[in-house]
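One structure is given here, and the rest of the page talks about it.
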Amino acid sequence: MKKQSQLQKSLTDWVINMIDYKDINFKQGTALDFIIYVVASDTPQTDDTIHGFFFQKWSKRVHTPFFIANDKIQNNIHQYYLGYNITNDDKSKILNRVSLDRLIYYANELVFEKIENTHFTDNYFEYIDSCIDIKKYITTDDSIDFSSIEFIEEIYSKKEIEEILDNVNFFLSEYDEYNKNTEELERLNANAKKLTLSNLNEYFEEYISLRLLLPNIFISYYASLVNFLSTKELYKLHKFVKEVEANINSPLINNVSSKVKYLESLIRDNEKLLFQHSFEVPQLGGFFENVMPILTIYESLWDYLHIHSHTELLTYFYLNGINPYVYKEFDSEHSLYGMKLRYLNHLLYGEKETNNEDDLDDEFNRFADVKSNFAIFLKRKNFNVDEIRIILNALSENRYNEIGIKHLSLSRDIYFFRFCYFFYVFDYFEEIEGNELNTIISFEDIVNFNRNNKRENKQQYHKNYININNPNSKDYPFATKRTNIFLSEIETTLGIRREKLKLIPEIKIN
């Protein structure tokens, strides 16, 4: 009887100490939420780590009749190209291509299969608590007012930030390796430092913007859900793109109908499905790079949380017994309609130009005249007229999209900063306008390049600028992975080759 009461006390203490929904506006709950958000956003190698709540009943089907290991593919490449003078870089590209082709070809097969999981829990907080005891790393638990927070240093000490970063890198470095002796998979950790402090700061900027949409909600729950959908459906989206590309070049379709009618039919079908399912099922967001879909957690959540913030159903969930953290199951293919429509609309309308002669067009022409010195400066950098129009529109917060100018979302401050750097905006203001950009106020003319801009001038632009050559700084603006994604978006969405852009400063290693 005494042992039973001790066990009950132990379980009671564990439940009391476990982070739950009430902790979201405190340091420990926020740290845990942020760690999971970053892990879910940065392509973890395993599906059942801290972000894996929705993977509990699913397993990747690897050993299938069509499975072939990478070392076998490498051997095939070596034999097939024997006698050809191909480099290791060429071999790596071929391996990546044929591996992706294999995954796309079998995308409609059972890539994931249902499993029985004796450790399954439908309690989100119980699941994440089993992965980490955040109270070991964040020992104080002050409350947080997110309406006044911009930077992670405003909440956590330097040591606490290092603990958060170490935990993120730990979960991102976990991987499974097949043990031939035991004939089982073993969980290992590469102890790799995948992310830096500047990476962490970028993710925190994303995290803050999402928290402001639904202030009292664990964002990580939704990030884990989107990661699950993305992992499960990515190759089906790849296959959809391949099928559409093939059909618009079909002699039969172009003989008995037309590729325009084919695309219009697909758009109508996917629009109906989007309207039907997008409230319940998060739509995967991202962009296309050379017709390759690139999915991002942030873009997906930005749309989905916006939808739910407008219902206001979760505003007082902690008072009325609503539980937004349940384990969900639904047809994950319903998450693809948004990306499919982006792709189809680009194929159908992307190359069409509009010739609007309305007030907005007149306004843009007047604005371009006012900025003629800047346009001349850009011509010297080998940008053509269409590219200059794109740059002027971007610096005007995409005010002139509807007159047929290609555009790119620069809603986040770090995107706007990078755009200004790559398109020589800082150089123009220093060289032509004589602005030394050495104070916060000196960035005012850049932020308000168009007098209709709504963006606020912030200290962060100055911090990023003075740390352009310092990759060890938390304010270094060119974290490798995120910057490469941004450059790819410029090329694919705006059609401007990255060779025209200003190079990132080389970092000298002593």
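Residues in the structure tokens are named by chain (A, B, ... in the order shown) and by number from 1 within that chain; ligands are numbered from 1 in the order shown.
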For this session: From stretch 212-425 of chain A, collect each residue whose DSSP state is strand (DSSP E or B) and return the set as a count of residues only.
Result: 10
Exercise. Stretch 116-154 of chain A: which residues are alpha helix (DSSP H) by DSSP, as a list in words?
Worked result: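 Here are the alpha helix (DSSP H) residues of stretch 116-154 of chain A: Tyr124, Phe125, Glu126, Tyr127, Ile128 and Asp129 of chain A.
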For this session: Between A:Ser309, A:Asn270, A:Asn323, A:Leu100, single out the one closest to A:Asp20, counting only C-alpha atoms.
Result: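 Using only C-alpha atoms, the shortest distance to A:Asp20 belongs to A:Asn323.
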For this session: Name the residues in contact with A:Leu301 at a cut-off of 12 Å, using only C-alpha atoms, excluding same-chain residues fewer than 6 positions from it; report them as a list in words.
Result: Tyr37, Ala40, Ser41, Glu206, Tyr207, Ser209, Leu210, Arg211, Leu213, Leu214, Ile219, Ser220, Tyr221, Tyr222, Ala223, Ser224, Leu225, Val226, Asn227, Val281, Pro282, Gln283, Leu284, Gly285, Gly286, Leu295, Ile307, His308 and Ser309 of chain A
Limited to C-alpha atoms, could you put the picked residues into a file as a compact mmCIF listing (two decimals), in the first residue's frame?
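Result file result_11.txt:
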# COMPACT_ATOMS: atom_id res chain seq x y z
CA TYR A 37 9.67 25.16 -33.95
CA ALA A 40 10.59 21.21 -37.28
CA SER A 41 11.62 24.02 -39.65
CA GLU A 206 9.91 34.17 -37.57
CA TYR A 207 8.73 32.74 -34.28
CA SER A 209 5.76 37.06 -35.88
CA LEU A 210 3.80 33.79 -35.57
CA ARG A 211 3.32 34.14 -31.82
CA LEU A 213 -0.91 35.91 -34.56
CA LEU A 214 -2.00 33.47 -31.84
CA ILE A 219 3.26 27.33 -32.24
CA SER A 220 5.36 24.17 -32.17
CA TYR A 221 2.23 21.99 -32.24
CA TYR A 222 1.30 23.43 -35.64
CA ALA A 223 4.92 23.41 -36.84
CA SER A 224 5.08 19.69 -36.02
CA LEU A 225 1.83 19.13 -37.92
CA VAL A 226 3.09 20.99 -41.01
CA ASN A 227 6.42 19.13 -40.89
CA VAL A 281 -6.01 21.12 -43.18
CA PRO A 282 -2.94 23.43 -43.25
CA GLN A 283 -1.90 24.22 -46.80
CA LEU A 284 1.79 23.65 -47.42
CA GLY A 285 3.55 26.85 -48.46
CA GLY A 286 6.79 27.63 -50.24
CA LEU A 295 8.34 23.76 -48.87
CA ILE A 307 -7.01 31.87 -40.77
CA HIS A 308 -7.44 30.68 -37.20
CA SER A 309 -6.65 34.04 -35.66
Problem set entry | All residues 7 Å or closer to A:Ser59, only C-alpha atoms, same chain fewer than 2 positions away omitted, as a PyMOL selection string | chain A and resi 61+112-115
Exercise. Quick one: residues within 10 Å of stretch 466-480 of chain A, only C-alpha atoms counted, chain neighbours fewer than 5 positions away excluded, as a PyMOL selection string?
Worked result: chain A and resi 195-202+414-415+417-418+421+437-439+460-461+485-486+504-508
Problem set entry | All residues 12 Å or closer to A:Phe55, only C-alpha atoms, same chain fewer than 4 positions away omitted, as a PyMOL selection string | chain A and resi 46-51+59-60+112-117+120-122+127+224-232+327-329
Find the spatial neighbours of A:Glu163, counting only C-alpha atoms, within a cut-off of 10 Å - ignore same-chain residues fewer than 4 positions away - and output them as a PDB file with N, CA, C and O atoms, in the first residue's frame.
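Result written to part_15.pdb:
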ATOM      1  N   ALA A  31      10.760  28.697 -24.391  1.00  0.00           N
ATOM      2  CA  ALA A  31      12.009  28.069 -24.850  1.00  0.00           C
ATOM      3  C   ALA A  31      11.729  26.710 -25.476  1.00  0.00           C
ATOM      4  O   ALA A  31      12.253  26.375 -26.551  1.00  0.00           O
ATOM      5  N   ILE A 134      13.068  20.798 -20.107  1.00  0.00           N
ATOM      6  CA  ILE A 134      13.528  22.159 -20.375  1.00  0.00           C
ATOM      7  C   ILE A 134      13.952  22.880 -19.100  1.00  0.00           C
ATOM      8  O   ILE A 134      14.785  23.800 -19.138  1.00  0.00           O
ATOM      9  N   LYS A 136      15.872  21.929 -16.852  1.00  0.00           N
ATOM     10  CA  LYS A 136      17.307  21.728 -16.582  1.00  0.00           C
ATOM     11  C   LYS A 136      18.140  22.828 -17.224  1.00  0.00           C
ATOM     12  O   LYS A 136      19.231  23.155 -16.755  1.00  0.00           O
ATOM     13  N   TYR A 137      17.623  23.405 -18.320  1.00  0.00           N
ATOM     14  CA  TYR A 137      18.408  24.365 -19.104  1.00  0.00           C
ATOM     15  C   TYR A 137      17.951  25.801 -18.867  1.00  0.00           C
ATOM     16  O   TYR A 137      18.763  26.724 -18.924  1.00  0.00           O
ATOM     17  N   ILE A 138      16.674  25.999 -18.648  1.00  0.00           N
ATOM     18  CA  ILE A 138      16.126  27.326 -18.340  1.00  0.00           C
ATOM     19  C   ILE A 138      15.593  27.247 -16.906  1.00  0.00           C
ATOM     20  O   ILE A 138      14.503  26.728 -16.663  1.00  0.00           O
ATOM     21  N   SER A 157      19.310  34.926 -21.145  1.00  0.00           N
ATOM     22  CA  SER A 157      20.709  35.303 -20.961  1.00  0.00           C
ATOM     23  C   SER A 157      21.562  34.633 -22.030  1.00  0.00           C
ATOM     24  O   SER A 157      21.101  33.736 -22.756  1.00  0.00           O
ATOM     25  N   LYS A 158      22.812  35.034 -22.122  1.00  0.00           N
ATOM     26  CA  LYS A 158      23.729  34.446 -23.108  1.00  0.00           C
ATOM     27  C   LYS A 158      23.861  32.943 -22.888  1.00  0.00           C
ATOM     28  O   LYS A 158      23.846  32.160 -23.841  1.00  0.00           O
ATOM     29  N   LYS A 159      23.981  32.527 -21.629  1.00  0.00           N
ATOM     30  CA  LYS A 159      24.100  31.099 -21.319  1.00  0.00           C
ATOM     31  C   LYS A 159      22.829  30.350 -21.701  1.00  0.00           C
ATOM     32  O   LYS A 159      22.888  29.232 -22.249  1.00  0.00           O
ATOM     33  N   ASN A 167      20.583  22.482 -27.700  1.00  0.00           N
ATOM     34  CA  ASN A 167      19.489  21.518 -27.777  1.00  0.00           C
ATOM     35  C   ASN A 167      18.936  21.404 -29.192  1.00  0.00           C
ATOM     36  O   ASN A 167      18.627  20.305 -29.660  1.00  0.00           O
ATOM     37  N   VAL A 168      18.809  22.532 -29.879  1.00  0.00           N
ATOM     38  CA  VAL A 168      18.365  22.502 -31.278  1.00  0.00           C
ATOM     39  C   VAL A 168      19.316  21.651 -32.119  1.00  0.00           C
ATOM     40  O   VAL A 168      18.906  20.762 -32.868  1.00  0.00           O
ATOM     41  N   ASN A 169      20.626  21.910 -31.983  1.00  0.00           N
ATOM     42  CA  ASN A 169      21.609  21.162 -32.762  1.00  0.00           C
ATOM     43  C   ASN A 169      21.632  19.683 -32.397  1.00  0.00           C
ATOM     44  O   ASN A 169      21.872  18.829 -33.256  1.00  0.00           O
TER      45      ASN A 169
END
For this session: For atom CA of A:Asp359 and atom CA of A:Asn398, determine how far apart the two atoms are, in Å to one decimal place.
Result: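 Answer for the atom CA of A:Asp359 to atom CA of A:Asn398 separation: 15.7 Å.
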For this session: Could you jot down the atom CA of A:Asn216 to atom CA of A:Lys27 separation for me, Å, one decimal place?
Result: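 About the pair atom CA of A:Asn216 and atom CA of A:Lys27: they are 13.3 Å apart.
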Exercise. Taking into account only C-alpha atoms, which residue in the set A:His78, A:Asp413, A:Val326, A:Ile267 is nearest to A:Lys91?
Worked result: A:His78
Problem set entry | Coordinates-based distance that separates atom CA of A:Asn25 from atom CA of A:Phe146 (Å, one decimal) |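 Rounded to one decimal, the two atoms are 8.0 Å apart.
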